[in-house]
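Peer 1: Structure below; questions to follow.
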Amino acid sequence: MKFGPASPADAIGGVTVHTLRQGSLVLKKGTTIGPAEVEALNKAGVKEIVVVRLEAGDVSEDEAAASIAQAVAGEGVNVERAFTGRANLFAAQAGVLVVDRAAVDRINGVDEAITFATLSAFKPVVEGEMIATVKLIPFGVEGKLRDAAVKVAGKDTLRIAPYVIKRVGVVSTLLPGLATKVIDKTLRVTAERLAPAGASIIAERRVPHDEAALAASIKELLGLGAELVIVFGASAIADRRDVIPAAITEIGGAIEHFGMPVDPGNLLLIGSAGGVPVLGAPGCARSPVENGFDWVLMRLLAGLKVTRTELTGMGVGGLLMEIVTRPQPRTNLEGEANRNVTAIVLAAGRSTRMGGPNKLLAEIDGKKLVRIVAEQALASKAMDVVVVTGHQAELVEQALAGLNVKFVRNPDFAGGLASSVKAGIASVPENADGAIVCLGDMPLISAKLIDQLIETFAPDRGHLIAVPVSDGRRGNPVLWSRRFFKELMTLDGDVGARHLIAKHAEAVAEVPVDGQSAFLDIDTPQALEAARRG
């Protein structure tokens, strides 16, 4: 292949290497020079243009790309017509992408002019998704290089393994404290995971976290025709002799591998019984966020056996995300179970719905509303109390005279609740593990309720947000782990952090409460009168 400058007349038959703009003339890269182009170049006063010409034995970029793409395309792969030296490959059906890594490396090793890129091996793909591309760097290449690339390729270089498992059975084991709604959510998430593969849950069972009961349920699901059984344990698998693996072996099954170097997803177990795969799901599989469970599940649904070698080879790239519920090293070694908690009392609002008076200064049984809340916070197990003031700050602070609280002024209080939350969070001492955000207009909040939230807060067990709940309704105050402080500092406007609770549902621990203590706030004169009467 010849490359270099030429006069317009000598460039006939060559292909432009760069886009040329001169005056009104625009000659795009890749244009083949003919008599019309020569005339236009001469008219524009162009004396020289850089072109490339194929020589005997060379093949064009499109021909080379098309040949290589066709050579690597296996079952379930379509090849798009080559254009500008690129041939794209697409999934002809939904399934899992299977790539021969060695063949890809051999093709890319033939010559720098030839490149072949694919999606990650074993990625689930949908019909029509682009999965790979062959790109020729120059405008042409020696035919022998093209032939060498085709020779080292093979029909199994790239293929789509279609989903073949459609019938899935699910067993959930039960222990005290595992809420029914957690299992219900797990089933919804699992059904959503299975849907792209055209698979569905044919039956689900809930049994005690007991070897015999679990073994019987797995056996029952196999008898119902399940092609895959997934077990969600109420307690994580800790050993090959634990309840879930023991139940599999009890019915004559085998444990093929326990654990994987993918995080989240470490505690996954792969077994089989009667020729049917049985998965012991890690706890993270209850969440819709991608984790190691997905990597194995989708391969099994496509009928691909996951070997020990493949599992142990997942370490590079296996750190998928920071797990918000994972225990972290403690920065403060004092205190009990990371329960050093600061109480924040929000008392900066303008009481607009009260029609004028500052509700926080209203009295119930001779005591100002904000003082009632602050005293309960001080009587709790919170290590200190911060009061955020803003509107009529001096009067609010006077109402709390004599109390051992720290005052923080919020100059942006008119902007809404979020500004006060941020002011409070910013003032939390560095040795605090979390903060409980109390509203200054909730007179029924008690030290006992605050203590219940603090006792439930357990970072070492993944309980990072503690919320009072009654009849499925979530109230206040809410206790937040320090891990969420950065997100709390992004709040804006007159809204709280309910969306963060929904976002981090796996980190939420609910505290059942009776009565209206977690729900009664004084927003109107009518509510104040009702509280006084109550």
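For the structure tokens, the naming scheme is as follows: chains receive sequential letters (A, B, ...) according to their order of presentation, residues are indexed from 1 within each chain, and ligands are indexed from 1 in presentation order.
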Need the shell around segment 431-444 of chain A: protein/DNA/RNA residues with any atom at most 8 Å away, counting only C-alpha atoms. Skip same-chain ones fewer than 5 positions apart. Format as a ChimeraX atom specification?

Peer 2: /A:331-332,338-347,359-360,369-370,372-374,421,425,450,476-482,516-523

Peer 1: DSSP on the backbone, helix (DSSP H, G or I) only: what residues of segment 357-520 of chain A does that give? Format it as a ChimeraX atom specification.

Peer 2: /A:359-361,369-379,393-399,413-415,417-426,447-456,459-461,482-488,498-503,505-507

Peer 1: So what do you get for atom CA of Ala71 of chain A versus atom CA of Gly85 of chain A, distance-wise?

Peer 2: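 Atom CA of Gly85 of chain A lies at a distance of 15.8 Å from atom CA of Ala71 of chain A.
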
Peer 1: Just the residues within 9 Å of Thr249 of chain A, please, counting only C-alpha atoms, with nothing from its chain fewer than 4 positions along; format it as a compact mmCIF listing (two decimals) with N, CA, C and O atoms, in the first residue's frame.

Peer 2:
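Below you can see selection.txt, which holds the result:
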# COMPACT_ATOMS: atom_id res chain seq x y z
N ALA A 215 -34.09 -29.50 52.88
CA ALA A 215 -33.87 -30.63 51.96
C ALA A 215 -35.18 -31.09 51.36
O ALA A 215 -35.27 -31.36 50.14
N ILE A 244 -27.55 -24.88 54.36
CA ILE A 244 -27.90 -24.99 52.93
C ILE A 244 -27.07 -26.06 52.24
O ILE A 244 -27.65 -26.94 51.57
N PRO A 245 -25.74 -26.05 52.33
CA PRO A 245 -25.00 -27.15 51.68
C PRO A 245 -25.35 -28.52 52.25
O PRO A 245 -25.40 -29.51 51.52
N GLY A 253 -27.29 -34.61 46.57
CA GLY A 253 -26.66 -33.62 45.70
C GLY A 253 -25.20 -33.44 46.03
O GLY A 253 -24.64 -34.11 46.91
N ALA A 254 -24.56 -32.53 45.32
CA ALA A 254 -23.13 -32.28 45.50
C ALA A 254 -22.87 -30.79 45.57
O ALA A 254 -23.58 -29.98 44.94
N ILE A 255 -21.88 -30.41 46.34
CA ILE A 255 -21.44 -29.01 46.42
C ILE A 255 -20.26 -28.86 45.48
O ILE A 255 -19.22 -29.48 45.66
N GLY A 271 -24.20 -25.74 43.75
CA GLY A 271 -24.34 -27.18 43.94
C GLY A 271 -25.23 -27.75 42.86
O GLY A 271 -25.64 -27.06 41.92
N SER A 272 -25.54 -29.01 42.99
CA SER A 272 -26.44 -29.66 42.03
C SER A 272 -27.11 -30.83 42.72
O SER A 272 -26.58 -31.40 43.68
N ALA A 273 -28.29 -31.17 42.22
CA ALA A 273 -29.03 -32.32 42.74
C ALA A 273 -29.84 -32.90 41.60
O ALA A 273 -30.60 -32.19 40.94

Peer 1: To one decimal place in Å, what is the distance between atom CA of Ile68 of chain A and atom CA of Lys305 of chain A?

Peer 2: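 About the pair atom CA of Ile68 of chain A and atom CA of Lys305 of chain A: they are 28.8 Å apart.
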
Peer 1: From the options A:Arg483, A:Ala466, A:Gly493, A:Phe293, which residue's atoms come nearest to Ala418 of chain A, counting only C-alpha atoms?

Peer 2: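 Going through A:Arg483, A:Ala466, A:Gly493, A:Phe293 one by one, the smallest distance to Ala418 of chain A is for A:Gly493.
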
Peer 1: For atom CA of Leu145 of chain A and atom CA of Ala66 of chain A, quote the distance in Å rounded to one decimal.

Peer 2: 13.7 Å

Peer 1: When you look at segment 20-34 of chain A with a cut-off of 12 Å (counting only C-alpha atoms), what residues show up, excluding the ones that are within fewer than 2 positions of it in the same chain? I need them as a ChimeraX atom specification.

Peer 2: /A:6-18,36-54,60-62,83-85,138-140
